[in-house]
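Undergrad: Have a peek at run.pdb (PDB, C-alpha atoms).
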MODEL        1
ATOM      1  CA  MET A   1     134.468 106.520 127.433
ATOM      2  CA  ALA A   2     134.486 106.883 123.634
ATOM      3  CA  LYS A   3     131.677 108.848 122.052
ATOM      4  CA  GLU A   4     129.185 106.892 119.973
ATOM      5  CA  ARG A   5     128.740 107.848 116.322
ATOM      6  CA  ILE A   6     125.022 108.247 115.668
ATOM      7  CA  GLY A   7     123.329 108.938 112.353
ATOM      8  CA  LEU A   8     120.144 111.011 112.275
ATOM      9  CA  LEU A   9     117.688 110.526 109.405
ATOM     10  CA  GLY A  10     114.744 112.897 109.535
ATOM     11  CA  GLY A  11     111.716 112.902 107.298
ATOM     12  CA  SER A  12     107.965 112.689 107.023
ATOM     13  CA  PHE A  13     108.100 108.895 106.534
ATOM     14  CA  ASP A  14     104.628 109.183 105.030
ATOM     15  CA  PRO A  15     104.975 106.224 104.613
ATOM     16  CA  VAL A  16     108.430 104.804 105.328
ATOM     17  CA  HIS A  17     109.725 102.855 102.312
ATOM     18  CA  LEU A  18     112.583 100.588 101.292
ATOM     19  CA  ALA A  19     114.802 103.462 100.126
ATOM     20  CA  HIS A  20     114.672 105.001 103.620
ATOM     21  CA  ILE A  21     115.836 101.720 105.165
ATOM     22  CA  ALA A  22     118.494 101.227 102.488
ATOM     23  CA  LEU A  23     119.816 104.760 103.078
ATOM     24  CA  ALA A  24     119.944 104.251 106.855
ATOM     25  CA  ASN A  25     121.882 101.013 106.398
ATOM     26  CA  ALA A  26     124.215 102.570 103.813
ATOM     27  CA  ALA A  27     124.973 105.439 106.202
ATOM     28  CA  LEU A  28     125.640 102.982 109.018
ATOM     29  CA  TYR A  29     128.390 101.261 107.029
ATOM     30  CA  SER A  30     129.764 104.248 105.099
ATOM     31  CA  LEU A  31     130.180 106.373 108.228
ATOM     32  CA  GLN A  32     130.976 103.512 110.632
ATOM     33  CA  LEU A  33     128.090 104.440 112.894
ATOM     34  CA  HIS A  34     126.947 102.671 116.030
ATOM     35  CA  GLN A  35     123.300 103.457 115.350
ATOM     36  CA  VAL A  36     120.985 105.338 113.002
ATOM     37  CA  GLN A  37     117.986 107.091 114.530
ATOM     38  CA  LEU A  38     115.000 107.778 112.274
ATOM     39  CA  LEU A  39     113.190 110.954 113.312
ATOM     40  CA  PRO A  40     109.631 111.317 111.994
ATOM     41  CA  ALA A  41     108.621 114.966 111.655
ATOM     42  CA  ALA A  42     105.588 116.425 113.413
ATOM     43  CA  GLN A  43     104.808 119.141 110.842
ATOM     44  CA  PRO A  44     107.561 119.602 108.226
ATOM     45  CA  TRP A  45     107.592 123.357 107.609
ATOM     46  CA  GLN A  46     108.555 123.033 103.924
ATOM     47  CA  LYS A  47     105.921 120.415 103.054
ATOM     48  CA  GLU A  48     102.162 120.124 102.627
ATOM     49  CA  GLN A  49      99.772 118.395 105.013
ATOM     50  CA  LEU A  50     100.801 114.835 105.860
ATOM     51  CA  GLY A  51      98.795 111.833 104.685
ATOM     52  CA  ALA A  52      98.898 109.742 107.876
ATOM     53  CA  PRO A  53      98.695 110.767 111.550
ATOM     54  CA  ALA A  54     101.845 110.689 113.662
ATOM     55  CA  ALA A  55     100.905 107.523 115.564
ATOM     56  CA  HIS A  56     100.556 105.561 112.316
ATOM     57  CA  ARG A  57     103.829 106.925 110.903
ATOM     58  CA  ILE A  58     105.667 105.904 114.091
ATOM     59  CA  ALA A  59     104.069 102.445 114.048
ATOM     60  CA  MET A  60     105.075 101.896 110.403
ATOM     61  CA  LEU A  61     108.628 103.042 111.144
ATOM     62  CA  GLU A  62     108.911 100.657 114.057
ATOM     63  CA  LEU A  63     107.767  97.773 111.846
ATOM     64  CA  ALA A  64     110.270  98.734 109.134
ATOM     65  CA  CYS A  65     113.154  99.043 111.602
ATOM     66  CA  ALA A  66     112.343  95.877 113.569
ATOM     67  CA  PRO A  67     114.671  93.545 111.578
ATOM     68  CA  TYR A  68     117.665  95.868 112.165
ATOM     69  CA  TYR A  69     118.883  96.241 115.738
ATOM     70  CA  HIS A  70     120.976  99.311 114.799
ATOM     71  CA  LEU A  71     117.995 101.253 113.402
ATOM     72  CA  VAL A  72     115.968 103.048 116.079
ATOM     73  CA  VAL A  73     112.875 105.252 115.901
ATOM     74  CA  ASN A  74     113.332 108.517 117.807
ATOM     75  CA  PRO A  75     109.964 110.325 118.261
ATOM     76  CA  ILE A  76     111.538 113.544 119.637
ATOM     77  CA  GLU A  77     109.999 115.782 116.932
ATOM     78  CA  ILE A  78     106.499 114.356 117.244
ATOM     79  CA  GLU A  79     106.646 114.547 121.048
ATOM     80  CA  ARG A  80     107.705 118.211 120.788
ATOM     81  CA  GLY A  81     104.862 118.930 118.338
ATOM     82  CA  GLY A  82     104.318 122.005 116.202
ATOM     83  CA  PRO A  83     106.324 122.912 113.108
ATOM     84  CA  THR A  84     109.445 120.760 112.818
ATOM     85  CA  TYR A  85     112.752 122.637 112.683
ATOM     86  CA  THR A  86     115.963 120.630 112.582
ATOM     87  CA  TYR A  87     117.768 123.147 114.803
ATOM     88  CA  ASP A  88     115.260 122.568 117.625
ATOM     89  CA  THR A  89     115.848 118.830 117.316
ATOM     90  CA  VAL A  90     119.638 118.767 117.239
ATOM     91  CA  SER A  91     119.914 121.273 120.081
ATOM     92  CA  GLN A  92     117.858 118.895 122.279
ATOM     93  CA  LEU A  93     120.129 115.878 121.719
ATOM     94  CA  PRO A  94     122.492 114.634 124.451
ATOM     95  CA  SER A  95     125.924 116.183 123.890
ATOM     96  CA  ASP A  96     127.936 113.066 124.652
ATOM     97  CA  ASN A  97     127.720 111.564 121.127
ATOM     98  CA  ASP A  98     128.990 112.470 117.669
ATOM     99  CA  TYR A  99     126.014 113.073 115.376
ATOM    100  CA  PHE A 100     125.777 112.850 111.594
ATOM    101  CA  TRP A 101     122.752 114.422 109.908
ATOM    102  CA  ILE A 102     121.899 112.254 106.883
ATOM    103  CA  LEU A 103     120.366 114.072 103.943
ATOM    104  CA  GLY A 104     119.842 113.616 100.231
ATOM    105  CA  SER A 105     121.707 115.726  97.705
ATOM    106  CA  ASP A 106     118.385 117.441  96.863
ATOM    107  CA  GLN A 107     118.110 118.636 100.494
ATOM    108  CA  LEU A 108     121.777 119.629 100.479
ATOM    109  CA  GLN A 109     121.079 122.152  97.733
ATOM    110  CA  ASN A 110     118.576 124.058  99.896
ATOM    111  CA  PHE A 111     120.238 123.484 103.285
ATOM    112  CA  THR A 112     121.077 127.186 103.626
ATOM    113  CA  SER A 113     117.309 127.929 103.643
ATOM    114  CA  TRP A 114     116.873 125.862 106.822
ATOM    115  CA  HIS A 115     116.098 127.666 110.090
ATOM    116  CA  HIS A 116     119.402 128.540 111.882
ATOM    117  CA  TRP A 117     121.365 126.406 109.426
ATOM    118  CA  GLN A 118     124.788 127.541 110.698
ATOM    119  CA  ARG A 119     123.806 126.684 114.273
ATOM    120  CA  ILE A 120     122.647 123.218 113.199
ATOM    121  CA  LEU A 121     126.271 122.597 112.241
ATOM    122  CA  ASP A 122     127.372 123.311 115.821
ATOM    123  CA  HIS A 123     125.637 120.054 116.776
ATOM    124  CA  VAL A 124     125.987 117.690 113.792
ATOM    125  CA  GLN A 125     128.169 116.841 110.855
ATOM    126  CA  LEU A 126     126.495 116.606 107.457
ATOM    127  CA  ALA A 127     126.473 113.342 105.509
ATOM    128  CA  VAL A 128     125.017 113.437 101.999
ATOM    129  CA  ALA A 129     123.701 110.674  99.749
ATOM    130  CA  ARG A 130     123.089 111.048  96.034
ATOM    131  CA  ARG A 131     119.523 111.614  94.892
ATOM    132  CA  PRO A 132     118.392 111.552  91.269
ATOM    133  CA  ASP A 133     119.058 114.858  89.455
ATOM    134  CA  ALA A 134     120.799 116.619  92.368
ATOM    135  CA  SER A 135     124.503 117.391  92.755
ATOM    136  CA  LEU A 136     126.590 116.041  95.633
ATOM    137  CA  GLN A 137     128.475 119.347  95.633
ATOM    138  CA  ALA A 138     127.543 121.695  98.470
ATOM    139  CA  PRO A 139     126.127 125.064  97.339
ATOM    140  CA  PRO A 140     128.752 127.854  97.514
ATOM    141  CA  GLU A 141     127.458 129.486 100.721
ATOM    142  CA  LEU A 142     127.451 126.163 102.587
ATOM    143  CA  GLU A 143     130.803 125.075 101.182
ATOM    144  CA  HIS A 144     132.409 128.367 102.247
ATOM    145  CA  TYR A 145     130.963 128.061 105.749
ATOM    146  CA  LEU A 146     132.135 124.455 106.155
ATOM    147  CA  GLN A 147     135.651 125.444 105.085
ATOM    148  CA  SER A 148     135.698 128.428 107.449
ATOM    149  CA  GLN A 149     134.756 126.122 110.350
ATOM    150  CA  ASN A 150     137.154 123.319 109.317
ATOM    151  CA  LYS A 151     134.166 121.005 108.849
ATOM    152  CA  VAL A 152     133.876 118.153 106.364
ATOM    153  CA  LEU A 153     130.917 117.183 104.184
ATOM    154  CA  HIS A 154     130.743 113.386 104.422
ATOM    155  CA  HIS A 155     129.533 111.276 101.501
ATOM    156  CA  ILE A 156     127.436 108.134 101.854
ATOM    157  CA  ASP A 157     127.997 105.366  99.326
ATOM    158  CA  PHE A 158     124.413 104.956  98.129
ATOM    159  CA  ALA A 159     122.826 104.136  94.789
ATOM    160  CA  PRO A 160     119.923 106.546  94.193
ATOM    161  CA  THR A 161     116.471 105.114  93.700
ATOM    162  CA  ALA A 162     113.271 106.456  92.166
ATOM    163  CA  ILE A 163     111.125 105.284  95.096
ATOM    164  CA  SER A 164     109.279 108.146  96.785
ATOM    165  CA  ALA A 165     106.523 108.439  99.366
ATOM    166  CA  THR A 166     104.557 110.604  96.908
ATOM    167  CA  LEU A 167     104.592 107.827  94.306
ATOM    168  CA  ILE A 168     103.589 105.262  96.946
ATOM    169  CA  ARG A 169     100.643 107.377  98.118
ATOM    170  CA  GLU A 170      99.497 107.869  94.502
ATOM    171  CA  ARG A 171      99.664 104.119  93.832
ATOM    172  CA  LEU A 172      97.733 103.336  97.008
ATOM    173  CA  GLN A 173      95.023 105.832  96.087
ATOM    174  CA  GLN A 174      94.701 104.042  92.747
ATOM    175  CA  HIS A 175      94.612 100.633  94.515
ATOM    176  CA  GLN A 176      97.867  99.564  92.891
ATOM    177  CA  SER A 177     100.506  97.368  94.543
ATOM    178  CA  VAL A 178     103.402  98.956  96.437
ATOM    179  CA  ALA A 179     104.926  95.628  97.517
ATOM    180  CA  SER A 180     108.204  96.365  95.690
ATOM    181  CA  MET A 181     108.623  99.737  97.421
ATOM    182  CA  VAL A 182     107.514  99.195 101.037
ATOM    183  CA  PRO A 183     108.460  96.565 103.649
ATOM    184  CA  GLN A 184     105.849  93.784 103.691
ATOM    185  CA  THR A 185     104.982  94.426 107.341
ATOM    186  CA  VAL A 186     104.237  98.060 106.465
ATOM    187  CA  VAL A 187     102.115  97.050 103.451
ATOM    188  CA  HIS A 188      99.989  94.921 105.808
ATOM    189  CA  TYR A 189      99.729  97.792 108.295
ATOM    190  CA  ILE A 190      98.582 100.224 105.574
ATOM    191  CA  GLU A 191      95.947  97.736 104.395
ATOM    192  CA  GLN A 192      94.801  96.957 107.933
ATOM    193  CA  HIS A 193      94.323 100.638 108.799
ATOM    194  CA  HIS A 194      93.072 101.752 105.366
ATOM    195  CA  LEU A 195      95.708 104.465 105.090
ATOM    196  CA  TYR A 196      96.221 106.741 102.082
ATOM    197  CA  GLN A 197      92.815 105.952 100.595
ATOM    198  CA  LEU A 198      90.841 108.621  98.786
TER     199      LEU A 198
ENDMDL
END
Please re-express this file's structure in structure tokens.
TA:
Amino acid sequence: MAKERIGLLGGSFDPVHLAHIALANAALYSLQLHQVQLLPAAQPWQKEQLGAPAAHRIAMLELACAPYYHLVVNPIEIERGGPTYTYDTVSQLPSDNDYFWILGSDQLQNFTSWHHWQRILDHVQLAVARRPDASLQAPPELEHYLQSQNKVLHHIDFAPTAISATLIRERLQQHQSVASMVPQTVVHYIEQHHLYQL
């Protein structure tokens, strides 16, 4: 039986926004994936305190993914709890698929600071998408390691966008519209649950 090609898109999703969904769909087509799993973090170790509790972030993700049968929410990191390390996540995945870790070019530049970064690459291939003001070129240490292991850095055909969860949270705190940045179902959910209010 042929292995399935599965994309993995991790993040705080605090909240999920249209650029996340666009990136997941772009990865699906660029990498010819069967599925993209979105993995909300429990406690991202390189970020500050999150704005919304895990249950709300999962609910918003499920609403955002609902129109796309190939986008799936995987709560593995939240169920595990504690600080979120990518190595812990990828080492828990079933070994009978081919996995592609989707990341922005900004994350690519600091990938070698990630916990057990070489061992992450035993479990997944890296697939990078352009982000504003960050190179698609792997940093020298990562590039050398990939070459030494005969591994390829995949590129996702994706037009970068200025949408960010930080900007969305700021706009919500100022009672400004985020309808152009967030799926409408998620906008309603945020309003209904009074999320991201000062």
Undergrad: What separation in Å, quoted to one decimal, exists between atom CA of Tyr189 of chain A and atom CA of Leu28 of chain A?
TA: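 Atom CA of Leu28 of chain A lies 26.4 Å from atom CA of Tyr189 of chain A.
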Undergrad: Evaluate the PyMOL selection byres ((chain A and resi 106) around 12) against this structure - the residues, as a count of residues only, please.
TA: 22
Undergrad: Could you write out as a VMD selection string the residues that the PyMOL selection byres ((chain A and resi 53-58) around 12) matches in the shown file?
TA: chain A and resid 11 to 17 38 to 44 49 to 52 59 to 65 72 to 82 165 186 189 to 190 192 to 196
Undergrad: Between A:Tyr69, A:Trp101, A:Trp114, A:Tyr145, which has the minimum distance to Thr84 of chain A (counting all atoms listed in the file)?
TA: A:Trp114
Undergrad: Would you compute the distance between atom CA of Leu126 of chain A and atom CA of Leu71 of chain A? Give it in Å to one decimal.
TA: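 Distance reported for this atom pair: 18.5 Å.
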Undergrad: Which residue gives the smallest distance to Pro183 of chain A among A:Ala159, A:Ile6, A:Leu31, A:Ala66, with only C-alpha atoms counted?
TA: A:Ala66
Undergrad: Find the distance between atom CA of Ile168 of chain A and atom CA of Val182 of chain A and write it in Å to one decimal.
TA: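 Distance between the two atoms: 8.3 Å.
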Undergrad: Run the PyMOL selection byres ((chain A and resi 146) around 12) against the file shown and list the residues it catches, as a ChimeraX atom specification.
TA: /A:112,117-122,124-126,138-145,147-154
Undergrad: Just checking: using only C-alpha atoms, which residue out of A:Thr161, A:Thr86, A:Gln35, A:Gln174 ends up closest to Asp98 of chain A?
TA: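 Ranking A:Thr161, A:Thr86, A:Gln35, A:Gln174 by distance to Asp98 of chain A, first place goes to A:Gln35.
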Undergrad: Pick from A:Gly10, A:Pro67, A:Arg5, A:His34: nearest to Gln184 of chain A, with all atoms listed in the file counted?
TA: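 That would be A:Pro67, the residue with the smallest distance to Gln184 of chain A.
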Undergrad: Could you give me, as number ranges by chain, the residues that sit within 10 Å of (132.1, 114.3, 124.8) in the file's coordinates, counting only C-alpha atoms?
TA: A: 1-4, 94-98
